[in-house]
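Undergrad: Contents of start.cif (mmCIF, C-alpha atoms):
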```
data_start
loop_
_atom_site.label_atom_id
_atom_site.label_comp_id
_atom_site.auth_asym_id
_atom_site.auth_seq_id
_atom_site.Cartn_x
_atom_site.Cartn_y
_atom_site.Cartn_z
CA MET R 1 -11.31 15.38 -9.57
CA LEU R 2 -9.49 12.13 -10.34
CA GLU R 3 -6.00 12.34 -11.82
CA VAL R 4 -5.20 8.90 -13.20
CA ARG R 5 -1.68 7.45 -13.26
CA ARG R 6 -1.55 4.40 -15.52
CA ALA R 7 0.46 1.34 -14.64
CA SER R 8 2.53 1.71 -17.81
CA ASP R 9 3.71 5.18 -16.70
CA ARG R 10 5.31 3.95 -13.47
CA GLY R 11 9.05 3.72 -12.88
CA VAL R 12 10.69 0.36 -13.56
CA ALA R 13 13.49 -1.46 -11.73
CA ASN R 14 14.39 -4.97 -12.85
CA PHE R 15 17.40 -6.68 -11.27
CA GLY R 16 16.54 -10.20 -12.33
CA TRP R 17 15.70 -11.39 -8.82
CA LEU R 18 13.43 -8.33 -8.34
CA ASP R 19 10.95 -6.84 -10.78
CA SER R 20 9.53 -3.63 -9.30
CA ARG R 21 7.17 -0.90 -10.46
CA HIS R 22 7.31 2.47 -8.68
CA THR R 23 4.20 4.66 -8.52
CA PHE R 24 6.29 7.47 -7.01
CA SER R 25 9.96 8.43 -7.26
CA PHE R 26 12.12 5.79 -5.61
CA GLY R 27 15.74 4.65 -5.83
CA HIS R 28 17.16 5.39 -9.30
CA TYR R 29 13.74 6.41 -10.62
CA TYR R 30 13.03 10.11 -10.23
CA ASP R 31 10.19 12.16 -11.67
CA PRO R 32 9.69 15.62 -10.13
CA GLN R 33 5.96 15.31 -10.82
CA GLN R 34 5.76 11.99 -8.96
CA VAL R 35 7.34 12.45 -5.54
CA GLY R 36 4.37 11.46 -3.40
CA PHE R 37 0.87 12.60 -2.61
CA SER R 38 0.14 14.21 0.75
CA ASP R 39 1.79 11.92 3.33
CA LEU R 40 1.91 8.95 0.94
CA ARG R 41 5.48 8.58 -0.34
CA VAL R 42 6.02 5.12 -1.81
CA ILE R 43 3.94 2.45 -3.54
CA ASN R 44 6.27 -0.20 -4.88
CA ASP R 45 4.74 -3.17 -6.69
CA ASP R 46 7.37 -5.89 -6.16
CA ARG R 47 7.81 -9.40 -7.54
CA VAL R 48 10.68 -11.35 -5.98
CA GLN R 49 12.06 -14.60 -7.34
CA PRO R 50 12.11 -17.76 -5.18
CA GLY R 51 14.66 -17.72 -2.36
CA MET R 52 15.73 -14.15 -3.11
CA GLY R 53 15.12 -10.87 -1.28
CA PHE R 54 16.29 -7.68 0.35
CA GLY R 55 19.26 -8.10 2.69
CA THR R 56 19.49 -6.33 6.04
CA HIS R 57 19.06 -2.57 5.65
CA GLY R 58 17.93 0.33 7.80
CA HIS R 59 14.99 2.74 8.03
CA ARG R 60 14.21 5.71 10.24
CA ASP R 61 11.13 7.90 10.79
CA MET R 62 8.84 6.21 8.29
CA GLU R 63 5.62 4.17 8.51
CA ILE R 64 6.13 1.15 6.22
CA PHE R 65 3.61 -1.53 5.44
CA SER R 66 3.58 -4.60 3.23
CA TYR R 67 0.51 -6.10 1.56
CA VAL R 68 1.05 -9.54 0.05
CA LEU R 69 -0.92 -10.46 -3.07
CA GLU R 70 0.65 -13.81 -3.96
CA GLY R 71 3.15 -16.13 -2.31
CA ALA R 72 4.83 -15.63 1.06
CA LEU R 73 7.19 -12.91 2.31
CA GLU R 74 9.56 -13.60 5.20
CA HIS R 75 10.46 -10.71 7.52
CA ARG R 76 13.12 -10.33 10.23
CA ASP R 77 14.13 -7.17 12.07
CA SER R 78 16.25 -5.70 14.84
CA MET R 79 13.23 -5.58 17.17
CA GLY R 80 13.31 -9.37 17.25
CA SER R 81 10.23 -9.72 15.07
CA GLY R 82 10.18 -12.59 12.61
CA SER R 83 7.21 -13.71 10.55
CA VAL R 84 5.95 -14.97 7.23
CA ILE R 85 3.41 -12.70 5.55
CA ARG R 86 0.85 -14.27 3.22
CA PRO R 87 -2.09 -13.00 1.12
CA GLY R 88 -4.56 -11.18 3.34
CA ASP R 89 -1.87 -10.28 5.87
CA VAL R 90 -0.98 -6.64 6.52
CA GLN R 91 2.35 -5.92 8.15
CA MET R 92 3.01 -2.46 9.59
CA MET R 93 6.42 -1.33 10.79
CA SER R 94 7.02 2.05 12.45
CA ALA R 95 10.73 2.70 11.91
CA GLY R 96 10.86 5.60 14.39
CA SER R 97 14.29 6.11 15.96
CA GLY R 98 15.76 3.45 13.69
CA ILE R 99 15.48 -0.23 12.78
CA THR R 100 17.15 -2.71 10.48
CA HIS R 101 15.28 -5.50 8.74
CA SER R 102 15.40 -7.98 5.88
CA GLU R 103 12.68 -9.32 3.59
CA PHE R 104 12.91 -12.50 1.55
CA ASN R 105 10.75 -14.72 -0.59
CA HIS R 106 9.91 -17.50 1.86
CA SER R 107 9.47 -20.02 -0.96
CA GLN R 108 12.20 -21.78 -2.92
CA ASP R 109 9.96 -22.46 -5.92
CA ALA R 110 7.21 -19.78 -6.13
CA LEU R 111 7.20 -16.05 -6.78
CA VAL R 112 6.14 -13.58 -4.10
CA HIS R 113 4.17 -10.53 -5.23
CA PHE R 114 3.57 -7.74 -2.73
CA LEU R 115 3.12 -4.01 -2.31
CA GLN R 116 5.48 -2.04 -0.11
CA ILE R 117 4.05 1.32 0.95
CA TRP R 118 5.57 4.21 2.90
CA ILE R 119 3.68 6.93 4.78
CA VAL R 120 5.41 9.92 6.38
CA PRO R 121 4.78 9.92 10.17
CA ASP R 122 3.44 12.83 12.19
CA ARG R 123 6.14 12.46 14.85
CA LEU R 124 9.86 11.65 14.89
CA ARG R 125 12.13 9.32 16.85
CA VAL R 126 9.35 7.19 18.31
CA THR R 127 10.18 3.77 19.69
CA PRO R 128 10.02 1.36 16.74
CA ARG R 129 7.05 -1.01 16.67
CA TYR R 130 5.85 -3.96 14.61
CA GLN R 131 2.26 -5.02 13.87
CA GLN R 132 0.75 -7.75 11.73
CA LYS R 133 -2.81 -8.93 11.17
CA GLN R 134 -4.76 -11.13 8.80
CA PHE R 135 -7.83 -9.58 7.16
CA ALA R 136 -9.94 -12.36 5.67
CA ALA R 137 -11.26 -12.05 2.13
CA THR R 138 -14.81 -12.15 3.52
CA GLU R 139 -14.12 -8.88 5.37
CA LYS R 140 -13.16 -7.16 2.10
CA ARG R 141 -15.57 -8.79 -0.33
CA GLY R 142 -17.80 -6.14 -1.90
CA ARG R 143 -16.86 -3.55 0.70
CA LEU R 144 -14.03 -1.34 1.94
CA ARG R 145 -12.41 -2.76 5.06
CA LEU R 146 -10.42 -0.35 7.24
CA ILE R 147 -6.97 -1.93 7.68
CA ILE R 148 -4.85 0.99 8.94
CA SER R 149 -5.84 4.06 10.98
CA PRO R 150 -4.30 6.44 13.54
CA ASP R 151 -6.52 5.12 16.35
CA ALA R 152 -6.47 1.45 15.29
CA ALA R 153 -10.27 1.59 15.01
CA ASP R 154 -12.31 -1.51 14.18
CA GLY R 155 -9.33 -3.79 14.58
CA ALA R 156 -7.14 -1.89 12.12
CA LEU R 157 -3.40 -1.55 12.56
CA GLY R 158 -2.18 1.74 14.01
CA VAL R 159 -0.24 4.37 12.07
CA TYR R 160 1.49 7.52 13.33
CA GLN R 161 -0.31 9.83 10.88
CA ASP R 162 -3.76 11.21 10.09
CA ALA R 163 -4.20 8.63 7.35
CA ARG R 164 -6.58 5.73 6.84
CA VAL R 165 -6.16 2.81 4.48
CA TYR R 166 -8.98 0.58 3.23
CA ALA R 167 -8.81 -2.67 1.25
CA GLY R 168 -11.56 -4.03 -0.96
CA LEU R 169 -12.38 -6.92 -3.29
CA PHE R 170 -14.89 -6.35 -6.09
CA ASP R 171 -16.24 -8.56 -8.84
CA GLY R 172 -19.38 -8.51 -10.95
CA ALA R 173 -22.28 -6.68 -9.34
CA GLU R 174 -20.42 -5.91 -6.10
CA ARG R 175 -20.19 -2.21 -5.38
CA ALA R 176 -19.45 0.16 -2.52
CA GLU R 177 -19.43 3.88 -1.75
CA ILE R 178 -17.51 5.92 0.79
CA GLY R 179 -17.71 9.58 1.74
CA LEU R 180 -14.70 11.88 2.09
CA ALA R 181 -14.62 14.67 4.67
CA PRO R 182 -14.41 18.20 3.23
CA GLY R 183 -10.90 19.03 2.05
CA ARG R 184 -9.57 15.49 2.32
CA TYR R 185 -7.45 13.93 -0.42
CA ALA R 186 -7.57 10.28 -1.41
CA TYR R 187 -5.49 7.91 -3.47
CA VAL R 188 -6.69 4.68 -5.08
CA HIS R 189 -4.31 1.90 -6.13
CA VAL R 190 -5.64 -1.09 -8.05
CA ALA R 191 -3.51 -4.02 -6.95
CA ARG R 192 -5.01 -6.42 -9.49
CA GLY R 193 -8.00 -6.86 -11.74
CA ALA R 194 -10.05 -3.90 -12.94
CA LEU R 195 -12.90 -1.71 -11.72
CA ASN R 196 -14.51 1.71 -12.06
CA VAL R 197 -13.97 4.56 -9.62
CA ASN R 198 -16.62 7.27 -10.02
CA GLY R 199 -17.16 5.94 -13.52
CA ILE R 200 -13.48 5.98 -14.51
CA ALA R 201 -12.04 2.61 -15.55
CA LEU R 202 -8.86 1.54 -13.78
CA GLY R 203 -6.82 -1.61 -14.36
CA ALA R 204 -4.14 -3.53 -12.51
CA GLY R 205 -1.36 -1.21 -11.36
CA ASP R 206 -3.30 1.96 -12.14
CA GLY R 207 -3.69 4.64 -9.49
CA ALA R 208 -5.54 7.91 -9.07
CA ARG R 209 -4.96 11.08 -7.08
CA ILE R 210 -8.31 12.34 -5.83
CA ARG R 211 -9.19 15.89 -4.78
CA ASP R 212 -12.47 17.77 -4.32
CA GLU R 213 -14.69 14.69 -4.29
CA GLU R 214 -17.40 14.20 -1.68
CA ARG R 215 -17.98 10.51 -2.41
CA LEU R 216 -16.22 7.66 -4.15
CA ARG R 217 -18.12 4.89 -5.89
CA PHE R 218 -16.52 1.54 -6.73
CA ASP R 219 -18.24 -0.79 -9.20
CA GLY R 220 -17.77 -2.78 -12.41
CA GLY R 221 -15.17 -4.97 -10.75
CA GLU R 222 -13.39 -7.75 -12.61
CA ASP R 223 -11.57 -9.79 -9.96
CA ALA R 224 -10.38 -6.46 -8.50
CA GLU R 225 -8.37 -5.86 -5.35
CA LEU R 226 -7.68 -2.27 -4.33
CA LEU R 227 -6.27 -0.05 -1.63
CA LEU R 228 -7.84 3.31 -0.80
CA PHE R 229 -5.88 5.95 1.12
CA ASP R 230 -7.75 8.75 2.94
CA LEU R 231 -5.15 11.53 3.36
CA ARG R 232 -4.54 15.03 4.65
CA PRO R 233 -4.44 17.75 1.98
CA GLU R 234 -2.14 20.28 3.56
CA THR R 235 1.35 18.77 3.62
CA GLY R 236 3.81 17.23 1.23
CA PRO R 237 4.09 17.30 -2.56
CA THR R 238 0.92 16.95 -4.61
#
```
Using C-alpha cells, write down the structure that the file contains.
TA:
Amino acid sequence: MLEVRRASDRGVANFGWLDSRHTFSFGHYYDPQQVGFSDLRVINDDRVQPGMGFGTHGHRDMEIFSYVLEGALEHRDSMGSGSVIRPGDVQMMSAGSGITHSEFNHSQDALVHFLQIWIVPDRLRVTPRYQQKQFAATEKRGRLRLIISPDAADGALGVYQDARVYAGLFDGAERAEIGLAPGRYAYVHVARGALNVNGIALGAGDGARIRDEERLRFDGGEDAELLLFDLRPETGPT
C-alpha cells in the first residue's frame, strides 16, 4: 500500500532568507497526522538565500543528514568539523550527547537548495560523529545507490538505527526494482522531477508512506532524483 503525500500538502515556513517545506511536523507547523513515519522524523526541503543561513544551534540524540540538490552549503560544528557540501555530497551528523553547529549558504550570489532529514537513533548519548561523502551521479543513474546504512555497507555512511537510505536518478527508459523484507516499511521522497512508483505518479516534493509491499518499481522518470528509506515498522508514529 502506498499512501501519497503531495508536495502541496506540506507545511510551509517562509522567512524571506529561508523558504522551507516540511513533510512532517516541524517548528511552528504541526499536524497530528504528520509527525513522522517509523524512525523517520523530519524531511525539510530548504532553499536559503545567498550569504544567509542557520546560526549556531544545538542538537542531541538525533541522526541528521543533509542532501544538497543545488548550490553549496557550508557547515561548521563544535566537533571541529568544517566543510562545504555540494550536489552529490551526503553529510551525516550523529548528535549523540550533544553538539552545536551552523549551516550557511556558501555563495554570495546563488541559492542553495537542500534536504535536511532527521532519523531517531537506536541508542542515546553516543559520542557525536561527523561523516561526509560524495556519491557520483554515475553511481545513482538508473539505479538505487545505498548511501546510508547501520553497517556502512558498500561505502555508505553509518547511521545509529536499523534504517537504510538509497538515492537514485531516473530519466526516460531507466528503471529499477528493489525488494523489501517482510514487515518492513519504506518511504519515498521525490527531490525533483517526476517518476512512477509501483505505477503511481509522483512529482517533485511528493512523498509516499509504503506498507505491505514486497517490491518497489521505479520507472517513467522525468529528470527525477529520489530518496528511498527502508525502515522498521514497529516503533514511532505511523
Undergrad: Atom CA of R:Thr127 and atom CA of R:Gly158 are how many Å apart?
TA: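 Those two atoms sit 13.8 Å apart.
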Undergrad: Convert the output of the PyMOL selection byres ((chain R and resi 100) around 8) on the shown file into explicit residues, formatted as a short mmCIF file (atom, residue, chain, number, x, y, z; two decimals) with C-alpha atoms, keeping the file's coordinate frame.
TA:
```
data_model
loop_
_atom_site.label_atom_id
_atom_site.label_comp_id
_atom_site.auth_asym_id
_atom_site.auth_seq_id
_atom_site.Cartn_x
_atom_site.Cartn_y
_atom_site.Cartn_z
CA THR R 56 19.49 -6.33 6.04
CA HIS R 57 19.06 -2.57 5.65
CA GLY R 58 17.93 0.33 7.80
CA HIS R 59 14.99 2.74 8.03
CA ASP R 77 14.13 -7.17 12.07
CA SER R 78 16.25 -5.70 14.84
CA GLY R 98 15.76 3.45 13.69
CA ILE R 99 15.48 -0.23 12.78
CA HIS R 101 15.28 -5.50 8.74
CA SER R 102 15.40 -7.98 5.88
#
```
Undergrad: Between atom CA of R:Val12 and atom CA of R:Val68, what is the distance in Å, rounded to a tenth?
TA: 19.4 Å
Undergrad: Please write as a list in words the full residue list that the PyMOL selection byres ((chain R and resi 159-175) around 6) yields on this file.
TA: Pro121, Asp122, Lys140, Arg141, Gly142, Arg143, Leu144, Arg145, Leu146, Ile147, Ile148, Ser149, Pro150, Gly158, Ala176, Phe218, Asp219, Gly221, Glu222, Asp223, Ala224, Glu225, Leu226, Leu227, Leu228, Phe229, Asp230 and Leu231 of chain R
Undergrad: Smallest atom-to-atom distance to R:Pro182: which of R:Arg10, R:Glu213, R:Asn196, R:Glu63, using only C-alpha atoms?
TA: R:Glu213
Undergrad: Please provide the set of residues having any atom within 8 Å of stretch 34-43 of chain R, restricted to only C-alpha atoms, with same-chain residues fewer than 2 positions apart removed, written as number ranges by chain.
TA: R: 22-26, 30-32, 45, 115-121, 163, 185, 187, 209, 231-238
Undergrad: Between R:Gln33, R:Arg211, R:Ala153, R:Ala194, which residue has the minimum interatomic distance to R:Leu180, considering all atoms listed in the file?
TA: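 Ranked by minimum distance to R:Leu180, first place goes to R:Arg211.
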Undergrad: If you measure from atom CA of R:Gly155 to atom CA of R:Ser83, what distance in Å do you get, rounded to one decimal?
TA: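 Result for atom CA of R:Gly155 versus atom CA of R:Ser83: 19.7 Å, one decimal.
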Undergrad: Can you list what the PyMOL selection byres ((chain R and resi 111) around 10) grabs from this structure, as number ranges by chain?
TA: R: 17, 47-52, 70-73, 105-110, 112-114
Undergrad: When distances are computed from only C-alpha atoms, which of R:Ala191, R:Arg215, R:Asp89, R:Ile200 shows the smallest separation from R:Leu157?
TA: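 Checking each candidate against R:Leu157, we get R:Asp89 as the closest.
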Undergrad: Find, counting only C-alpha atoms, the residue in R:Asn44, R:Ser8, R:Ser66, R:Asn198 that gets nearest to R:Gln132.
TA: R:Ser66
Undergrad: Under the rule that only C-alpha atoms are counted, which of R:Ala208, R:Leu216, R:Ala152, R:Leu195 is the nearest residue to R:Ala181?
TA: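 Among R:Ala208, R:Leu216, R:Ala152, R:Leu195, it is R:Leu216 that comes nearest to R:Ala181.
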Undergrad: Point out the residue among R:Gly199, R:Pro87, R:Gly27, R:Gly82 with the least atom-to-atom distance to R:Gln131, counting all atoms listed in the file.
TA: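 Result for the nearest residue to R:Gln131: R:Gly82.
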